[in-house]
>>> print(open('work27.cif').read())   # mmCIF, C-alpha atoms
data_work
loop_
_atom_site.label_atom_id
_atom_site.label_comp_id
_atom_site.auth_asym_id
_atom_site.auth_seq_id
_atom_site.Cartn_x
_atom_site.Cartn_y
_atom_site.Cartn_z
CA MET A 1334 112.32 117.30 101.16
CA ALA A 1335 115.39 116.38 103.21
CA LYS A 1336 117.03 113.03 102.48
CA GLU A 1337 119.63 111.23 104.55
CA ILE A 1338 121.97 108.93 102.65
CA GLU A 1339 124.13 107.28 105.25
CA ARG A 1340 126.51 104.31 105.45
CA LYS A 1341 127.54 102.85 108.82
CA PHE A 1342 130.61 100.77 109.77
CA LEU A 1343 132.29 99.15 112.73
CA LEU A 1344 135.93 100.04 113.38
CA LYS A 1345 139.01 97.80 113.27
CA ASP A 1346 141.03 99.83 115.78
CA ASP A 1347 141.27 103.27 117.38
CA SER A 1348 143.85 104.80 115.02
CA TRP A 1349 141.08 107.17 113.85
CA LYS A 1350 141.50 109.13 117.09
CA LYS A 1351 144.61 110.95 115.82
CA GLU A 1352 142.51 112.40 112.95
CA VAL A 1353 139.67 113.89 115.07
CA THR A 1354 139.04 117.60 114.48
CA PHE A 1355 136.01 118.10 116.75
CA SER A 1356 134.04 116.17 119.41
CA SER A 1357 130.66 116.75 121.04
CA PHE A 1358 128.60 114.84 123.62
CA PHE A 1359 125.06 113.80 122.64
CA CYS A 1360 122.16 112.58 124.74
CA GLN A 1361 119.08 111.45 122.83
CA ALA A 1362 115.97 109.32 123.13
CA TYR A 1363 113.27 108.01 120.82
CA ILE A 1364 109.50 108.03 120.58
CA PRO A 1365 108.53 105.42 117.95
CA ILE A 1366 105.54 106.25 115.77
CA ARG A 1367 103.65 103.64 113.78
CA SER A 1368 100.61 104.19 111.61
CA GLY A 1369 99.52 101.20 109.57
CA GLU A 1370 102.39 100.19 107.29
CA LYS A 1371 104.28 103.45 107.79
CA PHE A 1372 106.92 103.73 110.45
CA CYS A 1373 109.23 106.50 111.55
CA THR A 1374 111.24 107.42 114.58
CA GLN A 1375 111.00 110.70 116.40
CA ARG A 1376 114.23 111.66 118.12
CA VAL A 1377 114.94 114.32 120.69
CA ARG A 1378 118.65 115.15 120.90
CA ILE A 1379 120.74 117.43 123.07
CA ALA A 1380 124.09 118.17 121.46
CA GLY A 1381 126.17 120.41 123.67
CA GLU A 1382 124.00 123.45 124.37
CA LYS A 1383 121.67 122.92 121.39
CA ALA A 1384 118.60 120.71 121.04
CA PHE A 1385 116.78 119.17 118.10
CA LEU A 1386 113.63 117.27 117.23
CA THR A 1387 114.12 114.88 114.29
CA LEU A 1388 111.71 112.72 112.31
CA LYS A 1389 113.21 109.88 110.25
CA SER A 1390 111.34 107.55 107.91
CA ASN A 1391 112.06 103.89 107.66
CA ARG A 1392 114.95 103.00 105.38
CA GLY A 1393 114.46 102.38 101.71
CA THR A 1394 112.37 105.41 100.72
CA ASP A 1395 113.75 105.39 97.17
CA GLY A 1396 114.66 101.73 96.81
CA GLU A 1397 118.05 102.19 98.49
CA SER A 1398 118.25 100.74 101.97
CA PHE A 1399 120.55 103.54 103.18
CA THR A 1400 118.40 106.48 101.99
CA ARG A 1401 115.52 107.88 104.04
CA ASN A 1402 113.54 111.05 104.65
CA GLU A 1403 114.82 113.14 107.53
CA PHE A 1404 113.45 116.34 109.00
CA GLU A 1405 115.32 118.09 111.82
CA TYR A 1406 114.22 121.16 113.75
CA SER A 1407 115.92 123.21 116.46
CA ILE A 1408 113.96 123.35 119.71
CA PRO A 1409 114.64 125.17 122.98
CA LEU A 1410 117.17 123.34 125.16
CA GLU A 1411 114.90 123.36 128.22
CA ASP A 1412 112.02 121.89 126.14
CA ALA A 1413 114.34 119.06 125.05
CA ARG A 1414 115.28 118.33 128.66
CA VAL A 1415 111.62 118.10 129.66
CA ILE A 1416 110.74 115.93 126.64
CA LEU A 1417 113.62 113.54 127.42
CA LYS A 1418 112.54 113.31 131.06
CA ASP A 1419 108.76 113.14 130.67
CA PHE A 1420 108.07 111.60 127.24
CA CYS A 1421 110.96 109.34 126.28
CA GLY A 1422 112.25 105.98 127.35
CA ASN A 1423 115.87 104.98 127.52
CA THR A 1424 118.47 107.49 126.44
CA VAL A 1425 121.46 106.90 124.18
CA GLU A 1426 124.62 108.72 125.21
CA LYS A 1427 127.62 109.09 122.95
CA THR A 1428 130.48 111.33 122.02
CA ARG A 1429 130.56 112.13 118.32
CA HIS A 1430 134.00 112.67 116.86
CA ILE A 1431 134.47 114.31 113.45
CA VAL A 1432 137.16 113.02 111.08
CA PRO A 1433 137.52 114.73 107.67
CA ALA A 1434 137.08 112.35 104.72
CA GLY A 1435 137.96 114.73 101.86
CA ASN A 1436 135.70 116.03 99.05
CA MET A 1437 133.51 117.90 101.59
CA LEU A 1438 132.72 114.56 103.33
CA ARG A 1439 133.35 113.67 106.94
CA TRP A 1440 133.26 110.62 109.15
CA GLU A 1441 131.09 110.89 112.25
CA ILE A 1442 132.48 108.40 114.75
CA ASP A 1443 130.14 107.69 117.63
CA GLU A 1444 131.77 106.40 120.80
CA PHE A 1445 128.89 105.23 122.98
CA SER A 1446 128.78 105.47 126.78
CA GLY A 1447 126.36 104.40 129.50
CA GLU A 1448 124.50 101.17 128.67
CA ASN A 1449 126.03 101.14 125.17
CA ALA A 1450 129.64 101.58 126.33
CA GLY A 1451 132.12 99.60 124.26
CA LEU A 1452 130.37 100.20 120.95
CA VAL A 1453 132.02 102.51 118.43
CA VAL A 1454 130.61 103.06 114.91
CA ALA A 1455 131.57 105.30 112.01
CA GLU A 1456 128.99 106.90 109.74
CA ILE A 1457 129.38 108.87 106.55
CA GLU A 1458 126.58 110.92 104.97
CA LEU A 1459 126.74 110.98 101.20
CA PRO A 1460 125.35 113.42 98.64
CA ALA A 1461 123.99 110.56 96.47
CA SER A 1462 123.46 106.84 96.98
CA GLN A 1463 126.13 105.95 94.41
CA SER A 1464 128.74 108.41 95.73
CA SER A 1465 132.21 107.01 96.31
CA PHE A 1466 134.08 107.73 99.51
CA PRO A 1467 137.52 106.97 100.95
CA ILE A 1468 137.98 103.75 102.93
CA PRO A 1469 140.43 104.49 105.77
CA ALA A 1470 142.55 101.65 107.20
CA TRP A 1471 140.66 101.79 110.53
CA LEU A 1472 137.27 101.13 108.89
CA GLY A 1473 135.80 97.69 109.55
CA GLU A 1474 132.68 95.75 108.61
CA GLU A 1475 129.75 97.64 107.10
CA VAL A 1476 126.62 97.46 109.28
CA THR A 1477 124.39 99.88 107.34
CA HIS A 1478 121.77 97.17 106.80
CA ASP A 1479 121.89 95.78 110.35
CA HIS A 1480 119.13 97.52 112.33
CA LYS A 1481 120.64 96.51 115.68
CA TYR A 1482 123.29 99.22 115.18
CA SER A 1483 120.68 101.97 114.83
CA ASN A 1484 120.44 104.36 117.75
CA SER A 1485 116.71 103.72 118.13
CA PHE A 1486 117.40 99.98 118.55
CA LEU A 1487 120.24 100.67 120.99
CA ALA A 1488 117.86 102.74 123.14
CA GLU A 1489 115.69 99.66 123.72
CA HIS A 1490 118.37 96.94 123.45
CA PRO A 1491 121.61 98.33 124.93
CA TYR A 1492 124.90 96.99 123.60
CA ARG A 1493 126.01 95.81 127.07
CA LYS A 1494 123.05 93.37 127.12
CA TRP A 1495 123.54 91.89 123.63
CA GLU A 1496 125.51 88.85 124.73
CA LYS A 1497 123.03 88.12 127.55
CA ASP A 1498 120.05 88.57 125.21
CA GLU A 1499 121.56 86.25 122.57
CA LYS A 1500 121.89 83.48 125.18
CA ASN A 1501 118.20 83.76 126.18
#
>>> encode(input="work27.cif", output="C-alpha coordinates")
Amino acid sequence: MAKEIERKFLLKDDSWKKEVTFSSFFCQAYIPIRSGEKFCTQRVRIAGEKAFLTLKSNRGTDGESFTRNEFEYSIPLEDARVILKDFCGNTVEKTRHIVPAGNMLRWEIDEFSGENAGLVVAEIELPASQSSFPIPAWLGEEVTHDHKYSNSFLAEHPYRKWEKDEKN
(Lines of atoms letter the chains of each structure in order from A and count residues from 1; the text may use other names and numbers.)
(Lines give C-alpha, C1' and ligand atoms only; values in the text may rest on other atoms or scores of the structure.)
Protein backbone atom coordinates (compact mmCIF):
# COMPACT_ATOMS: atom_id res chain seq x y z
CA MET A 1 0.00 0.00 0.00
CA ALA A 2 1.33 3.43 -0.94
CA LYS A 3 1.86 5.93 1.88
CA GLU A 4 2.49 9.64 1.58
CA ILE A 5 4.47 11.23 4.40
CA GLU A 6 4.57 14.91 3.66
CA ARG A 7 5.43 18.13 5.50
CA LYS A 8 4.30 21.53 4.17
CA PHE A 9 5.72 25.02 4.82
CA LEU A 10 5.26 28.63 3.84
CA LEU A 11 8.31 30.48 2.51
CA LYS A 12 10.14 33.47 4.01
CA ASP A 13 11.42 34.82 0.69
CA ASP A 14 12.10 33.81 -2.91
CA SER A 15 15.81 32.95 -2.56
CA TRP A 16 14.84 29.32 -3.28
CA LYS A 17 14.44 30.25 -6.95
CA LYS A 18 18.20 30.14 -7.59
CA GLU A 19 18.22 26.46 -6.53
CA VAL A 20 15.45 25.22 -8.88
CA THR A 21 16.46 22.30 -11.11
CA PHE A 22 13.12 21.63 -12.84
CA SER A 23 9.66 23.23 -13.16
CA SER A 24 6.33 21.95 -14.48
CA PHE A 25 2.84 23.45 -14.76
CA PHE A 26 -0.03 21.54 -13.10
CA CYS A 27 -3.78 21.88 -13.48
CA GLN A 28 -5.89 19.76 -11.15
CA ALA A 29 -9.34 19.49 -9.62
CA TYR A 30 -11.02 17.44 -6.92
CA ILE A 31 -14.04 15.21 -6.52
CA PRO A 32 -14.59 14.73 -2.76
CA ILE A 33 -15.83 11.31 -1.67
CA ARG A 34 -17.44 10.69 1.71
CA SER A 35 -18.82 7.42 3.00
CA GLY A 36 -19.86 7.44 6.63
CA GLU A 37 -16.83 8.31 8.75
CA LYS A 38 -14.35 7.69 5.94
CA PHE A 39 -13.23 10.52 3.73
CA CYS A 40 -10.84 10.77 0.83
CA THR A 41 -10.17 13.08 -2.06
CA GLN A 42 -10.05 12.03 -5.66
CA ARG A 43 -7.78 14.23 -7.75
CA VAL A 44 -7.40 14.51 -11.49
CA ARG A 45 -4.13 16.19 -12.47
CA ILE A 46 -2.55 17.22 -15.74
CA ALA A 47 1.19 17.71 -15.38
CA GLY A 48 2.72 18.79 -18.65
CA GLU A 49 1.66 16.16 -21.19
CA LYS A 50 0.85 13.47 -18.59
CA ALA A 51 -2.31 12.90 -16.57
CA PHE A 52 -3.07 11.11 -13.31
CA LEU A 53 -5.96 10.02 -11.14
CA THR A 54 -5.09 10.03 -7.43
CA LEU A 55 -6.97 8.84 -4.34
CA LYS A 56 -5.80 10.19 -0.97
CA SER A 57 -7.13 9.21 2.44
CA ASN A 58 -7.69 11.66 5.21
CA ARG A 59 -4.60 12.48 7.24
CA GLY A 60 -3.61 10.46 10.25
CA THR A 61 -3.87 6.92 8.88
CA ASP A 62 -1.17 5.64 11.26
CA GLY A 63 -1.52 8.14 14.09
CA GLU A 64 0.72 10.70 12.38
CA SER A 65 -1.14 13.69 11.01
CA PHE A 66 1.21 13.99 8.01
CA THR A 67 0.95 10.35 6.85
CA ARG A 68 -1.86 9.09 4.61
CA ASN A 69 -2.67 6.45 2.03
CA GLU A 70 -2.15 7.56 -1.55
CA PHE A 71 -2.83 5.72 -4.79
CA GLU A 72 -1.90 7.34 -8.11
CA TYR A 73 -2.60 6.00 -11.59
CA SER A 74 -1.67 7.27 -15.04
CA ILE A 75 -4.67 7.97 -17.26
CA PRO A 76 -4.91 9.15 -20.87
CA LEU A 77 -4.40 12.91 -21.21
CA GLU A 78 -7.61 13.40 -23.19
CA ASP A 79 -9.60 11.49 -20.52
CA ALA A 80 -8.18 13.84 -17.87
CA ARG A 81 -9.22 16.88 -19.89
CA VAL A 82 -12.78 15.58 -20.19
CA ILE A 83 -12.94 14.65 -16.48
CA LEU A 84 -11.71 18.13 -15.48
CA LYS A 85 -14.28 19.78 -17.75
CA ASP A 86 -17.31 17.55 -17.11
CA PHE A 87 -16.91 16.12 -13.60
CA CYS A 88 -14.87 18.52 -11.49
CA GLY A 89 -15.43 21.87 -9.89
CA ASN A 90 -12.83 24.58 -9.51
CA THR A 91 -9.34 23.88 -10.75
CA VAL A 92 -6.08 24.59 -8.96
CA GLU A 93 -3.27 25.84 -11.18
CA LYS A 94 0.34 25.97 -10.08
CA THR A 95 3.89 25.68 -11.23
CA ARG A 96 5.85 23.10 -9.27
CA HIS A 97 9.54 23.84 -8.87
CA ILE A 98 11.98 21.15 -7.73
CA VAL A 99 14.81 22.05 -5.34
CA PRO A 100 17.18 19.25 -4.24
CA ALA A 101 17.30 18.73 -0.46
CA GLY A 102 20.10 16.14 -0.26
CA ASN A 103 19.90 12.49 0.87
CA MET A 104 17.61 11.62 -2.08
CA LEU A 105 15.04 14.18 -0.82
CA ARG A 106 13.68 17.16 -2.71
CA TRP A 107 11.59 20.21 -2.02
CA GLU A 108 8.52 20.64 -4.22
CA ILE A 109 7.72 24.34 -4.24
CA ASP A 110 4.27 25.14 -5.56
CA GLU A 111 3.80 28.64 -6.92
CA PHE A 112 0.05 29.02 -7.39
CA SER A 113 -1.62 31.00 -10.18
CA GLY A 114 -5.19 31.87 -11.13
CA GLU A 115 -7.49 32.30 -8.11
CA ASN A 116 -4.69 31.15 -5.78
CA ALA A 117 -2.06 33.55 -7.12
CA GLY A 118 0.23 34.92 -4.43
CA LEU A 119 0.43 31.68 -2.47
CA VAL A 120 3.70 29.75 -2.49
CA VAL A 121 4.26 26.61 -0.38
CA ALA A 122 7.10 24.12 -0.06
CA GLU A 123 6.50 20.42 0.52
CA ILE A 124 8.90 17.62 1.27
CA GLU A 125 7.97 13.93 1.07
CA LEU A 126 9.78 11.80 3.62
CA PRO A 127 10.59 8.09 3.70
CA ALA A 128 9.42 7.81 7.36
CA SER A 129 7.48 10.04 9.72
CA GLN A 130 10.51 10.56 11.96
CA SER A 131 12.95 11.30 9.11
CA SER A 132 15.09 14.39 9.49
CA PHE A 133 15.49 16.84 6.66
CA PRO A 134 17.46 20.03 5.99
CA ILE A 135 15.86 23.37 6.92
CA PRO A 136 16.91 25.91 4.27
CA ALA A 137 17.07 29.61 5.19
CA TRP A 138 14.09 30.41 2.92
CA LEU A 139 11.76 27.98 4.74
CA GLY A 140 9.07 29.62 6.86
CA GLU A 141 6.21 28.51 9.11
CA GLU A 142 5.10 24.88 8.97
CA VAL A 143 1.48 24.51 7.80
CA THR A 144 1.31 20.71 7.54
CA HIS A 145 -1.56 20.58 10.03
CA ASP A 146 -3.49 23.53 8.57
CA HIS A 147 -6.06 22.10 6.13
CA LYS A 148 -6.61 25.47 4.45
CA TYR A 149 -3.25 25.02 2.67
CA SER A 150 -4.33 21.72 1.10
CA ASN A 151 -4.98 21.85 -2.62
CA SER A 152 -8.46 20.38 -2.18
CA PHE A 153 -9.37 23.25 0.18
CA LEU A 154 -7.83 25.82 -2.18
CA ALA A 155 -10.04 24.50 -5.00
CA GLU A 156 -13.16 25.48 -3.04
CA HIS A 157 -11.75 28.44 -1.07
CA PRO A 158 -9.23 30.25 -3.30
CA TYR A 159 -6.38 32.11 -1.62
CA ARG A 160 -7.38 35.43 -3.23
CA LYS A 161 -10.70 35.29 -1.33
CA TRP A 162 -9.28 34.44 2.12
CA GLU A 163 -9.17 37.99 3.42
CA LYS A 164 -12.72 38.68 2.17
CA ASP A 165 -14.01 35.41 3.65
CA GLU A 166 -12.40 36.12 7.05
CA LYS A 167 -14.22 39.48 7.23
CA ASN A 168 -17.63 37.84 6.56
>>> atom_distance(input="work27.cif", atom1="CA of Gln1361 (chain A)", atom2="CA of Phe1445 (chain A)")
11.6 Å
>>> residues_near_point(input="work27.cif", point="(129.3, 107.2, 116.5)", cutoff="6 Å", atoms="only C-alpha atoms", output="ChimeraX atom specification")
/A:1429,1441-1444,1453-1455
>>> closest_residue(input="work27.cif", among="A:Leu1438, A:Val1432, A:Val1476, A:Ala1470", to="Glu1458 (chain A)", atoms="all atoms listed in the file")
A:Leu1438
>>> resolve_selection(input="work27.cif", expression="the PyMOL selection byres ((chain A and resi 1417) around 10)", output="PyMOL selection string")
chain A and resi 1360-1364+1376-1379+1411-1416+1418-1424
>>> resolve_selection(input="work27.cif", expression="the PyMOL selection byres ((chain A and resi 1480-1488) around 6)", output="list in words")
Asn1423, Thr1424, Val1425, Asp1479, Glu1489, His1490 and Pro1491 of chain A
>>> atom_distance(input="work27.cif", atom1="CA of Phe1385 (chain A)", atom2="CA of Glu1426 (chain A)")
14.9 Å
>>> atom_distance(input="work27.cif", atom1="CA of Phe1466 (chain A)", atom2="CA of Ala1434 (chain A)")
7.6 Å
>>> closest_residue(input="work27.cif", among="A:Leu1343, A:Leu1459, A:Cys1373, A:Val1353", to="Asn1436 (chain A)", atoms="all atoms listed in the file")
A:Leu1459
>>> closest_residue(input="work27.cif", among="A:Lys1427, A:Lys1336, A:Glu1382, A:Lys1389", to="Pro1460 (chain A)", atoms="only C-alpha atoms")
A:Lys1336
>>> closest_residue(input="work27.cif", among="A:Thr1428, A:His1478, A:Gln1463, A:Tyr1492", to="Ala1450 (chain A)", atoms="all atoms listed in the file")
A:Tyr1492
>>> resolve_selection(input="work27.cif", expression="the PyMOL selection byres ((chain A and resi 1337) around 8)", output="ChimeraX atom specification")
/A:1335-1336,1338-1339,1399-1403,1458-1459
>>> closest_residue(input="work27.cif", among="A:Trp1440, A:Pro1469, A:His1430, A:Glu1475", to="Lys1350 (chain A)", atoms="only C-alpha atoms")
A:His1430
>>> closest_residue(input="work27.cif", among="A:Gly1435, A:Leu1472, A:Lys1494, A:Pro1409", to="Glu1448 (chain A)", atoms="all atoms listed in the file")
A:Lys1494
